[in-house]
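Raw upload.txt, compact mmCIF, N, CA and C atoms:
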```txt
# COMPACT_ATOMS: atom_id res chain seq x y z
N MET A 27 -59.45 35.77 14.22
CA MET A 27 -58.67 35.18 13.16
C MET A 27 -58.18 36.24 12.18
N LYS A 28 -59.04 37.15 11.77
CA LYS A 28 -58.65 38.17 10.82
C LYS A 28 -57.56 39.06 11.39
N THR A 29 -57.61 39.34 12.70
CA THR A 29 -56.61 40.18 13.35
C THR A 29 -55.24 39.50 13.31
N ASN A 30 -55.17 38.20 13.56
CA ASN A 30 -53.90 37.48 13.53
C ASN A 30 -53.30 37.47 12.13
N ALA A 31 -54.11 37.25 11.11
CA ALA A 31 -53.62 37.24 9.74
C ALA A 31 -53.10 38.62 9.35
N LEU A 32 -53.82 39.66 9.73
CA LEU A 32 -53.40 41.02 9.45
C LEU A 32 -52.10 41.34 10.18
N SER A 33 -51.99 40.90 11.41
CA SER A 33 -50.78 41.13 12.21
C SER A 33 -49.57 40.45 11.56
N ARG A 34 -49.76 39.20 11.11
CA ARG A 34 -48.65 38.49 10.45
C ARG A 34 -48.25 39.18 9.15
N THR A 35 -49.23 39.67 8.41
CA THR A 35 -48.94 40.37 7.15
C THR A 35 -48.16 41.65 7.41
N VAL A 36 -48.57 42.40 8.42
CA VAL A 36 -47.89 43.65 8.75
C VAL A 36 -46.45 43.35 9.21
N LYS A 37 -46.27 42.34 10.05
CA LYS A 37 -44.93 41.99 10.53
C LYS A 37 -44.05 41.53 9.37
N ARG A 38 -44.61 40.71 8.50
CA ARG A 38 -43.84 40.22 7.36
C ARG A 38 -43.42 41.37 6.45
N THR A 39 -44.34 42.30 6.20
CA THR A 39 -44.03 43.46 5.37
C THR A 39 -42.95 44.30 6.02
N ALA A 40 -43.02 44.48 7.31
CA ALA A 40 -42.01 45.27 8.03
C ALA A 40 -40.63 44.61 7.94
N VAL A 41 -40.58 43.31 8.09
CA VAL A 41 -39.31 42.58 8.01
C VAL A 41 -38.73 42.68 6.60
N LEU A 42 -39.56 42.49 5.59
CA LEU A 42 -39.09 42.59 4.20
C LEU A 42 -38.60 44.00 3.89
N THR A 43 -39.32 45.00 4.36
CA THR A 43 -38.92 46.39 4.11
C THR A 43 -37.60 46.69 4.80
N ALA A 44 -37.44 46.26 6.04
CA ALA A 44 -36.20 46.49 6.78
C ALA A 44 -35.03 45.77 6.11
N THR A 45 -35.25 44.55 5.67
CA THR A 45 -34.19 43.79 4.99
C THR A 45 -33.79 44.49 3.70
N ALA A 46 -34.77 44.91 2.92
CA ALA A 46 -34.46 45.60 1.67
C ALA A 46 -33.69 46.89 1.94
N GLY A 47 -34.08 47.60 3.00
CA GLY A 47 -33.38 48.84 3.37
C GLY A 47 -31.94 48.58 3.73
N LEU A 48 -31.68 47.53 4.49
CA LEU A 48 -30.31 47.20 4.87
C LEU A 48 -29.48 46.81 3.65
N LEU A 49 -30.06 46.02 2.77
CA LEU A 49 -29.33 45.64 1.56
C LEU A 49 -29.02 46.85 0.71
N THR A 50 -30.00 47.72 0.54
CA THR A 50 -29.80 48.91 -0.27
C THR A 50 -28.75 49.81 0.35
N ALA A 51 -28.82 50.02 1.66
CA ALA A 51 -27.84 50.87 2.33
C ALA A 51 -26.44 50.30 2.19
N GLY A 52 -26.31 49.00 2.32
CA GLY A 52 -25.00 48.38 2.19
C GLY A 52 -24.45 48.51 0.79
N LEU A 53 -25.30 48.39 -0.21
CA LEU A 53 -24.84 48.49 -1.60
C LEU A 53 -24.50 49.92 -1.97
N LEU A 54 -25.25 50.88 -1.45
CA LEU A 54 -25.03 52.25 -1.85
C LEU A 54 -23.93 52.94 -1.06
N THR A 55 -23.66 52.49 0.15
CA THR A 55 -22.68 53.19 0.96
C THR A 55 -21.45 52.37 1.29
N GLY A 56 -21.52 51.07 1.19
CA GLY A 56 -20.40 50.25 1.61
C GLY A 56 -19.41 49.99 0.51
N PRO A 57 -18.11 50.06 0.84
CA PRO A 57 -17.11 49.73 -0.17
C PRO A 57 -17.08 48.25 -0.44
N ALA A 58 -16.41 47.89 -1.50
CA ALA A 58 -16.27 46.48 -1.87
C ALA A 58 -15.53 45.73 -0.78
N SER A 59 -15.68 44.44 -0.80
CA SER A 59 -15.05 43.57 0.19
C SER A 59 -13.55 43.79 0.25
N ALA A 60 -13.02 43.92 1.45
CA ALA A 60 -11.60 44.21 1.64
C ALA A 60 -10.70 43.04 1.28
N ASP A 61 -11.26 41.84 1.21
CA ASP A 61 -10.41 40.69 0.94
C ASP A 61 -10.36 40.30 -0.53
N ALA A 62 -10.80 41.20 -1.40
CA ALA A 62 -10.74 40.93 -2.83
C ALA A 62 -9.30 41.01 -3.30
N PRO A 63 -8.92 40.19 -4.26
CA PRO A 63 -7.55 40.26 -4.78
C PRO A 63 -7.31 41.58 -5.50
N ALA A 64 -6.06 42.01 -5.52
CA ALA A 64 -5.71 43.25 -6.20
C ALA A 64 -6.12 43.17 -7.66
N GLY A 65 -6.89 44.16 -8.09
CA GLY A 65 -7.34 44.19 -9.47
C GLY A 65 -8.48 43.24 -9.77
N GLY A 66 -8.90 42.44 -8.77
CA GLY A 66 -9.99 41.49 -8.99
C GLY A 66 -11.31 42.06 -8.53
N ARG A 67 -12.35 41.35 -8.82
CA ARG A 67 -13.68 41.79 -8.41
C ARG A 67 -13.98 41.26 -7.03
N ALA A 68 -14.59 42.06 -6.22
CA ALA A 68 -15.00 41.66 -4.89
C ALA A 68 -16.34 40.94 -4.97
N ASP A 69 -16.70 40.25 -3.89
CA ASP A 69 -17.99 39.57 -3.85
C ASP A 69 -19.13 40.57 -3.84
N THR A 70 -18.97 41.68 -3.12
CA THR A 70 -19.99 42.71 -3.04
C THR A 70 -19.38 44.01 -3.54
N LEU A 71 -20.00 44.61 -4.53
CA LEU A 71 -19.49 45.85 -5.09
C LEU A 71 -20.38 47.00 -4.67
N ALA A 72 -19.77 48.14 -4.44
CA ALA A 72 -20.55 49.33 -4.16
C ALA A 72 -21.25 49.77 -5.44
N ALA A 73 -22.44 50.31 -5.31
CA ALA A 73 -23.16 50.80 -6.48
C ALA A 73 -22.54 52.13 -6.91
N CYS A 74 -22.12 52.20 -8.13
CA CYS A 74 -21.54 53.43 -8.68
C CYS A 74 -22.63 54.10 -9.51
N ALA A 75 -23.22 55.14 -8.99
CA ALA A 75 -24.37 55.76 -9.65
C ALA A 75 -24.17 57.26 -9.84
N TYR A 76 -22.95 57.65 -10.20
CA TYR A 76 -22.65 59.06 -10.42
C TYR A 76 -22.96 59.48 -11.86
N TYR A 77 -22.70 58.56 -12.80
CA TYR A 77 -22.75 58.90 -14.22
C TYR A 77 -22.98 57.62 -15.01
N SER A 78 -23.74 57.68 -16.10
CA SER A 78 -24.04 56.45 -16.84
C SER A 78 -23.66 56.54 -18.32
N GLY A 79 -22.86 57.51 -18.70
CA GLY A 79 -22.47 57.66 -20.10
C GLY A 79 -21.11 57.08 -20.38
N ASN A 80 -20.51 57.54 -21.49
CA ASN A 80 -19.18 57.06 -21.86
C ASN A 80 -18.33 58.15 -22.49
N ALA A 81 -18.57 59.40 -22.10
CA ALA A 81 -17.81 60.53 -22.64
C ALA A 81 -16.36 60.47 -22.18
N LEU A 82 -15.47 60.99 -22.99
CA LEU A 82 -14.06 61.02 -22.67
C LEU A 82 -13.84 61.75 -21.34
N THR A 83 -13.12 61.12 -20.45
CA THR A 83 -12.84 61.67 -19.12
C THR A 83 -11.34 61.62 -18.93
N VAL A 84 -10.72 62.78 -18.63
CA VAL A 84 -9.27 62.88 -18.63
C VAL A 84 -8.72 63.64 -17.42
N TYR A 85 -7.41 63.56 -17.32
CA TYR A 85 -6.65 64.23 -16.26
C TYR A 85 -7.05 65.70 -16.15
N GLY A 86 -7.25 66.15 -14.92
CA GLY A 86 -7.58 67.54 -14.64
C GLY A 86 -9.07 67.82 -14.54
N GLN A 87 -9.92 66.89 -14.98
CA GLN A 87 -11.35 67.11 -14.91
C GLN A 87 -11.89 66.84 -13.51
N ARG A 88 -13.05 67.40 -13.25
CA ARG A 88 -13.77 67.19 -11.99
C ARG A 88 -15.22 66.87 -12.32
N GLY A 89 -15.87 66.17 -11.41
CA GLY A 89 -17.31 65.98 -11.56
C GLY A 89 -17.75 64.53 -11.49
N ASP A 90 -19.02 64.35 -11.87
CA ASP A 90 -19.66 63.04 -11.75
C ASP A 90 -19.02 61.97 -12.63
N ARG A 91 -18.58 62.34 -13.84
CA ARG A 91 -17.93 61.35 -14.70
C ARG A 91 -16.67 60.82 -14.02
N VAL A 92 -15.91 61.71 -13.42
CA VAL A 92 -14.68 61.31 -12.74
C VAL A 92 -15.03 60.42 -11.54
N SER A 93 -16.01 60.83 -10.75
CA SER A 93 -16.43 60.02 -9.59
C SER A 93 -16.86 58.63 -10.01
N GLN A 94 -17.56 58.53 -11.14
CA GLN A 94 -18.01 57.23 -11.63
C GLN A 94 -16.82 56.35 -11.98
N ALA A 95 -15.87 56.90 -12.73
CA ALA A 95 -14.68 56.13 -13.10
C ALA A 95 -13.92 55.70 -11.85
N GLN A 96 -13.77 56.61 -10.90
CA GLN A 96 -13.05 56.30 -9.66
C GLN A 96 -13.76 55.21 -8.86
N CYS A 97 -15.08 55.28 -8.79
CA CYS A 97 -15.85 54.27 -8.06
C CYS A 97 -15.67 52.90 -8.70
N LEU A 98 -15.76 52.85 -10.02
CA LEU A 98 -15.58 51.57 -10.72
C LEU A 98 -14.16 51.04 -10.52
N LEU A 99 -13.18 51.91 -10.53
CA LEU A 99 -11.79 51.49 -10.27
C LEU A 99 -11.62 51.02 -8.83
N ALA A 100 -12.25 51.71 -7.89
CA ALA A 100 -12.16 51.32 -6.48
C ALA A 100 -12.83 49.96 -6.25
N ASN A 101 -13.94 49.70 -6.92
CA ASN A 101 -14.61 48.41 -6.81
C ASN A 101 -13.68 47.28 -7.21
N ARG A 102 -12.77 47.56 -8.12
CA ARG A 102 -11.85 46.54 -8.63
C ARG A 102 -10.47 46.63 -8.00
N ARG A 103 -10.34 47.46 -6.97
CA ARG A 103 -9.10 47.60 -6.19
C ARG A 103 -7.94 48.20 -6.98
N TYR A 104 -8.24 49.02 -7.95
CA TYR A 104 -7.20 49.76 -8.65
C TYR A 104 -6.97 51.12 -8.00
N LEU A 105 -7.91 51.55 -7.17
CA LEU A 105 -7.86 52.86 -6.52
C LEU A 105 -8.43 52.72 -5.12
N PRO A 106 -7.78 53.29 -4.10
CA PRO A 106 -8.35 53.24 -2.75
C PRO A 106 -9.63 54.07 -2.67
N TRP A 107 -10.55 53.64 -1.81
CA TRP A 107 -11.83 54.35 -1.68
C TRP A 107 -11.63 55.80 -1.26
N GLY A 108 -10.60 56.08 -0.50
CA GLY A 108 -10.34 57.45 -0.08
C GLY A 108 -9.98 58.38 -1.23
N ASP A 109 -9.63 57.81 -2.37
CA ASP A 109 -9.28 58.60 -3.54
C ASP A 109 -10.44 58.79 -4.52
N VAL A 110 -11.64 58.40 -4.11
CA VAL A 110 -12.84 58.66 -4.91
C VAL A 110 -13.31 60.06 -4.52
N THR A 111 -12.76 61.05 -5.22
CA THR A 111 -12.95 62.46 -4.85
C THR A 111 -13.68 63.29 -5.90
N GLY A 112 -13.79 62.76 -7.11
CA GLY A 112 -14.38 63.54 -8.18
C GLY A 112 -13.35 64.39 -8.93
N TYR A 113 -12.08 64.29 -8.53
CA TYR A 113 -11.01 65.00 -9.22
C TYR A 113 -10.09 63.98 -9.89
N PHE A 114 -9.85 64.14 -11.18
CA PHE A 114 -9.01 63.24 -11.96
C PHE A 114 -7.56 63.73 -11.85
N GLY A 115 -6.88 63.25 -10.82
CA GLY A 115 -5.51 63.64 -10.58
C GLY A 115 -4.54 62.52 -10.91
N PRO A 116 -3.31 62.62 -10.42
CA PRO A 116 -2.28 61.63 -10.76
C PRO A 116 -2.59 60.21 -10.28
N LYS A 117 -3.23 60.07 -9.12
CA LYS A 117 -3.55 58.73 -8.62
C LYS A 117 -4.60 58.06 -9.51
N THR A 118 -5.58 58.84 -9.95
CA THR A 118 -6.62 58.29 -10.83
C THR A 118 -6.01 57.92 -12.18
N ARG A 119 -5.16 58.78 -12.71
CA ARG A 119 -4.52 58.50 -14.00
C ARG A 119 -3.69 57.22 -13.91
N ALA A 120 -2.94 57.05 -12.83
CA ALA A 120 -2.13 55.84 -12.66
C ALA A 120 -3.02 54.60 -12.56
N ALA A 121 -4.15 54.72 -11.84
CA ALA A 121 -5.07 53.60 -11.70
C ALA A 121 -5.69 53.24 -13.05
N VAL A 122 -6.06 54.25 -13.83
CA VAL A 122 -6.64 54.01 -15.15
C VAL A 122 -5.63 53.30 -16.04
N LYS A 123 -4.39 53.76 -16.04
CA LYS A 123 -3.35 53.14 -16.87
C LYS A 123 -3.13 51.68 -16.47
N LYS A 124 -3.10 51.41 -15.18
CA LYS A 124 -2.92 50.04 -14.71
C LYS A 124 -4.09 49.16 -15.15
N PHE A 125 -5.31 49.68 -14.99
CA PHE A 125 -6.51 48.96 -15.41
C PHE A 125 -6.45 48.69 -16.92
N GLN A 126 -6.14 49.71 -17.68
CA GLN A 126 -6.09 49.56 -19.14
C GLN A 126 -5.05 48.52 -19.55
N SER A 127 -3.89 48.57 -18.93
CA SER A 127 -2.82 47.63 -19.25
C SER A 127 -3.25 46.19 -18.98
N ARG A 128 -3.90 45.98 -17.85
CA ARG A 128 -4.33 44.63 -17.48
C ARG A 128 -5.52 44.14 -18.30
N HIS A 129 -6.18 45.04 -19.00
CA HIS A 129 -7.33 44.65 -19.82
C HIS A 129 -7.04 44.81 -21.30
N HIS A 130 -5.77 44.84 -21.65
CA HIS A 130 -5.32 44.87 -23.05
C HIS A 130 -5.88 46.06 -23.83
N LEU A 131 -5.92 47.20 -23.15
CA LEU A 131 -6.33 48.45 -23.78
C LEU A 131 -5.11 49.35 -23.91
N THR A 132 -5.19 50.36 -24.76
CA THR A 132 -4.10 51.33 -24.85
C THR A 132 -4.01 52.06 -23.51
N ALA A 133 -2.87 51.96 -22.84
CA ALA A 133 -2.70 52.53 -21.50
C ALA A 133 -2.32 54.01 -21.61
N ASP A 134 -3.31 54.83 -21.98
CA ASP A 134 -3.07 56.26 -22.14
C ASP A 134 -3.56 57.08 -20.95
N GLY A 135 -4.22 56.44 -19.98
CA GLY A 135 -4.71 57.15 -18.80
C GLY A 135 -5.97 57.95 -19.03
N LYS A 136 -6.59 57.80 -20.19
CA LYS A 136 -7.83 58.50 -20.52
C LYS A 136 -8.98 57.49 -20.49
N VAL A 137 -10.09 57.90 -19.92
CA VAL A 137 -11.25 57.01 -19.86
C VAL A 137 -12.16 57.34 -21.05
N GLY A 138 -11.94 56.60 -22.14
CA GLY A 138 -12.75 56.76 -23.35
C GLY A 138 -13.76 55.63 -23.45
N LYS A 139 -14.39 55.49 -24.59
CA LYS A 139 -15.46 54.51 -24.78
C LYS A 139 -15.03 53.08 -24.46
N LYS A 140 -13.85 52.67 -24.93
CA LYS A 140 -13.39 51.30 -24.68
C LYS A 140 -13.09 51.07 -23.21
N THR A 141 -12.51 52.06 -22.56
CA THR A 141 -12.20 51.92 -21.12
C THR A 141 -13.48 51.91 -20.30
N TRP A 142 -14.43 52.79 -20.64
CA TRP A 142 -15.73 52.77 -19.95
C TRP A 142 -16.36 51.39 -20.07
N TYR A 143 -16.37 50.84 -21.28
CA TYR A 143 -16.97 49.53 -21.49
C TYR A 143 -16.29 48.48 -20.61
N ALA A 144 -14.97 48.49 -20.58
CA ALA A 144 -14.24 47.52 -19.77
C ALA A 144 -14.51 47.73 -18.28
N LEU A 145 -14.61 48.97 -17.84
CA LEU A 145 -14.89 49.23 -16.42
C LEU A 145 -16.26 48.67 -16.01
N TYR A 146 -17.21 48.78 -16.90
CA TYR A 146 -18.55 48.26 -16.60
C TYR A 146 -18.67 46.74 -16.76
N HIS A 147 -17.87 46.16 -17.62
CA HIS A 147 -18.06 44.75 -17.95
C HIS A 147 -16.92 43.83 -17.55
N ALA A 148 -15.87 44.36 -17.00
CA ALA A 148 -14.72 43.51 -16.61
C ALA A 148 -15.04 42.68 -15.40
```

Spell out the structure here as structure tokens.
Amino acid sequence: MKTNALSRTVKRTAVLTATAGLLTAGLLTGPASADAPAGGRADTLAACAYYSGNALTVYGQRGDRVSQAQCLLANRRYLPWGDVTGYFGPKTRAAVKKFQSRHHLTADGKVGKKTWYALYHA
């Protein structure tokens, strides 16, 4: 009897661990649902974990802040996933301006405190 209970516990733990691993892998590596409306939120969003601050991020910059902004924009279909490069170029600036315009922000193409807030909470 003890062997059967232990076996069931081990199997259950293995199934839960595998399921959690699949969910985590899908969230961390998978792009948002392709059938989301333009500019809308998808049912499943990719986890954007490059940067967690709100420092001014502008055209010409490179790095984690830029990747974070691009990931958040890609989740909302303002930027294609292939353009999440960590470089704030013309495509990112255009996506930021479009996002800002649709969220009643000053469409200056700069990711400042208000734009960061909207990207996280829109």

For range 130-146 of chain A, list every protein, DNA or RNA residue within 6.5 Å, evaluated using all atoms listed in the file, and leave out those in the same chain fewer than 4 positions away; present the list as a VMD selection string. chain A and resid 80 to 85 98 119 to 120 122 to 126

Between atom C of Arg102 in chain A and CA of Asp90 in chain A, distance in Å (one decimal):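 Answer for the atom C of Arg102 in chain A to CA of Asp90 in chain A separation: 19.2 Å.
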
My list of candidates is A:Ala148, A:Trp107, A:Asn101, A:Gly112. Which is closest to Gly89 in chain A when distances are computed with only N, CA and C atoms?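 The shortest atom-to-atom distance to Gly89 in chain A comes from A:Gly112.
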